[in-house]
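Novice: Please read through the structure below; I'll follow up with questions.
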Amino acid sequence: MLRFIVIVLPAFACVAPFAHADVLVSNIDEPIRASTAIGGAPNLLVPTHDNDGWYWAGQSFVTDGSSYALDSIDVVCGDGNGVPVTYAELRADDAGAIGATLMTLSVPNLFGPIGPRTFVPDAPVALDPNTTYWLVISADAPANGGFYWSYADTGFFSGAGALAGFAFSSDSGALWAYGADFPWMIRVNVASQPPCPGDLNGDRIVDLADLAGLLAAFGTISTDPNFNPAADLDLSSSIDLADLAGLLAVFGASC
Ligand SMILES: [Ca+2]
Ligand SMILES: [Ca+2]
């Protein structure tokens with residue numbers, strides 16, 4: 001007796017009803033070289049820091065030519081022990097060094113085997129185009145514990161963005177050492193930001209700074225050196241009254 005097996009594939013099962021995150025850059029599929037103890041492992045190479053040093057680490061990444069909203073950062077980590085009091089922060093870049101704190105991220109459960117764990121920013125973060133950021137993870141002495149953050153055996157990564165240097169500190173961030181050979185393993189998840197007409201400087205607000213930018217380029221055409229494509233709101237290849245009117249129509253708006 002023949003049996004007919006009919007498999008019905010839901011044609012639209014993969015259509016998400018909302019915007020999803022894309023991977024800006026990732027190296028979490030690379031082979032693990034080793035894992036660094038964060039928090040509970042003073043640097044034995046620096047004896048004076050043996051007892052007061054707590055290991056902090058940072059990994060930088062670079063956006064491509066687009067602006068994004070940061071969705072989350074997956075970190076290959078785990079094997080928590082003791083009671084690690086851990087912090088994660090998105091830091092700015094300061095001429096290749098770790099800069100000011102931009103946003104804190106929630107820290108997931110760090111116990112259990114090493115694997116990707118998701119750190120989520122505590123408030124929305126806009127990532128600017130062609131900009132370097134640092135994910136810094138630290139542990140709070142005298143917390144009695146730590147966990148492990150894995151680093152890759154290669155410098156390869158995937159995505160439109162890039163990974164850059166890493167950093168580590170054996171004295172709670174007082175001094176940072178920088179390197180590039182074996183980046184810590186992260187995956188930066190982002191959502192593309194919709195266009196924000198009239199926002200020339202990328203801060204998602206249309207204000208006097210944008211108006212000044214438009215006026216600085218007023219009267220130019222696309223072949224002029226000081227032509228500003230962001231000011232050409234109507235895409236006419238010239239900055240004129242139509243663009244000024246367009247900006248004034250949305251003046252004060254935030255995106
Ligand atoms: Ca603006
Ligand atoms: Ca125009």
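All residue names refer to the structure tokens as shown: chains lettered A, B, ... in order, residues numbered from 1 in each chain, ligands numbered from 1 in order.
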How would you write, as a list in words, the set of residues no farther than 8 Å from ligand 1 when counting only C-alpha atoms and all ligand atoms?

Specialist: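 Listing the residues within 8 Å of ligand 1 gives Gly198, Asp199, Leu200, Asn201, Gly202, Asp203, Arg204, Ile205, Val206, Asp207, Leu208, Ala209 and Asp210 of chain A.
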
Novice: Any chance you can output those residues with N, CA and C atoms as an mmCIF file, in the first residue's frame?

Specialist:
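Saved the output as selection_17.cif:
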```cif
data_model
loop_
_atom_site.group_PDB
_atom_site.id
_atom_site.type_symbol
_atom_site.label_atom_id
_atom_site.label_comp_id
_atom_site.auth_asym_id
_atom_site.auth_seq_id
_atom_site.Cartn_x
_atom_site.Cartn_y
_atom_site.Cartn_z
ATOM 1 N N GLY A 198 17.963 65.297 7.239
ATOM 2 C CA GLY A 198 18.255 66.557 7.903
ATOM 3 C C GLY A 198 19.322 66.445 8.975
ATOM 4 N N ASP A 199 19.633 65.208 9.403
ATOM 5 C CA ASP A 199 20.674 65.015 10.421
ATOM 6 C C ASP A 199 22.010 64.862 9.719
ATOM 7 N N LEU A 200 22.738 65.965 9.606
ATOM 8 C CA LEU A 200 23.990 65.929 8.860
ATOM 9 C C LEU A 200 25.139 65.333 9.661
ATOM 10 N N ASN A 201 25.102 65.497 10.979
ATOM 11 C CA ASN A 201 26.267 65.071 11.777
ATOM 12 C C ASN A 201 26.067 63.735 12.469
ATOM 13 N N GLY A 202 24.943 63.064 12.206
ATOM 14 C CA GLY A 202 24.797 61.691 12.660
ATOM 15 C C GLY A 202 24.426 61.504 14.109
ATOM 16 N N ASP A 203 23.968 62.557 14.791
ATOM 17 C CA ASP A 203 23.586 62.385 16.192
ATOM 18 C C ASP A 203 22.089 62.104 16.357
ATOM 19 N N ARG A 204 21.410 61.871 15.245
ATOM 20 C CA ARG A 204 19.999 61.475 15.224
ATOM 21 C C ARG A 204 19.085 62.601 15.691
ATOM 22 N N ILE A 205 19.577 63.825 15.703
ATOM 23 C CA ILE A 205 18.766 64.997 16.052
ATOM 24 C C ILE A 205 19.003 66.047 14.964
ATOM 25 N N VAL A 206 17.941 66.717 14.554
ATOM 26 C CA VAL A 206 18.075 67.791 13.562
ATOM 27 C C VAL A 206 18.049 69.114 14.307
ATOM 28 N N ASP A 207 19.206 69.750 14.384
ATOM 29 C CA ASP A 207 19.290 70.975 15.173
ATOM 30 C C ASP A 207 20.216 71.989 14.498
ATOM 31 N N LEU A 208 20.633 72.980 15.271
ATOM 32 C CA LEU A 208 21.422 74.072 14.698
ATOM 33 C C LEU A 208 22.734 73.589 14.085
ATOM 34 N N ALA A 209 23.309 72.537 14.657
ATOM 35 C CA ALA A 209 24.566 72.026 14.101
ATOM 36 C C ALA A 209 24.356 71.552 12.664
ATOM 37 N N ASP A 210 23.201 70.929 12.418
ATOM 38 C CA ASP A 210 22.920 70.450 11.065
ATOM 39 C C ASP A 210 22.618 71.621 10.127
#
```

Novice: Would you return as an MDAnalysis selection string the members of stretch 54-192 of chain A that DSSP assigns to strand (DSSP E) on this structure's backbone?

Specialist: chainID A and resid 56:62 68:82 86:94 97:106 115:121 126:127 132:139 145:152 162:169 177:179 186:192

Novice: Ligand 2: which residues are within 6 Å, counting only C-alpha atoms and all ligand atoms, as a PyMOL selection string?

Specialist: chain A and resi 232-240+243

Novice: Skip stretch 116-133 of chain A itself and residues of its chain fewer than 2 positions away, then list as a list in words all residues within 6 Å of it, counting only C-alpha atoms.

Specialist: Ser60, Phe61, Val62, Thr63, Asp64, Gly65, Ser66, Ser67, Tyr68, Ala69, Leu70, Ser72, Ile73, Asp74, Val75, Val76, Arg91, Ala92, Asp93, Thr104, Leu105, Ser106 and Val107 of chain A

Novice: I'd like the neighbourhood of A:Ala37 as a PyMOL selection string, where a residue qualifies if any of its atoms comes within 7 Å (using only C-alpha atoms), though same-chain residues fewer than 4 positions away should be ignored.

Specialist: chain A and resi 41+146-149

Novice: May I have the selected residues written with N, CA and C atoms, as a compact mmCIF listing (two decimals), in the first residue's frame?

Specialist:
```txt
# COMPACT_ATOMS: atom_id res chain seq x y z
N ALA A 41 42.71 36.43 38.61
CA ALA A 41 44.01 35.93 38.21
C ALA A 41 45.02 37.06 38.09
N GLY A 146 36.03 34.63 39.57
CA GLY A 146 36.33 35.12 38.24
C GLY A 146 35.67 34.22 37.22
N PHE A 147 36.02 34.44 35.98
CA PHE A 147 35.51 33.59 34.90
C PHE A 147 36.53 33.67 33.77
N TYR A 148 36.26 33.00 32.68
CA TYR A 148 37.23 32.92 31.59
C TYR A 148 36.65 33.52 30.30
N TRP A 149 37.47 34.30 29.64
CA TRP A 149 37.12 34.88 28.32
C TRP A 149 38.11 34.29 27.32
```

Novice: I need the residue nearest A:Asn228 from this list: A:Gly96, A:Gly213, A:Pro194, A:Gly115. Use only C-alpha atoms for the distance.

Specialist: A:Gly213

Novice: Contacts between stretch 86-90 of chain A and stretch 114-150 of chain A, please, where a residue of stretch 114-150 of chain A counts if it comes within 8 Å (with only C-alpha atoms); show its shortest atom pair and distance in Å to one decimal, rows by chain and ascending number, as a tab-separated table.

Specialist:
```
residue	atom	partner	partner_atom	distance
A:Phe119	CA	A:Ala88	CA	7.8
A:Tyr133	CA	A:Leu90	CA	6.8
A:Trp134	CA	A:Leu90	CA	5.7
A:Leu135	CA	A:Leu90	CA	4.8
A:Val136	CA	A:Glu89	CA	5.2
A:Ile137	CA	A:Ala88	CA	4.4
A:Ser138	CA	A:Tyr87	CA	5.2
A:Ala139	CA	A:Thr86	CA	4.3
A:Asp140	CA	A:Thr86	CA	6.2
```

Novice: Which value, in Å to one decimal, gives the distance between atom CA of A:Ile32 and atom CA of A:Pro183?

Specialist: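 Distance reported for this atom pair: 10.1 Å.
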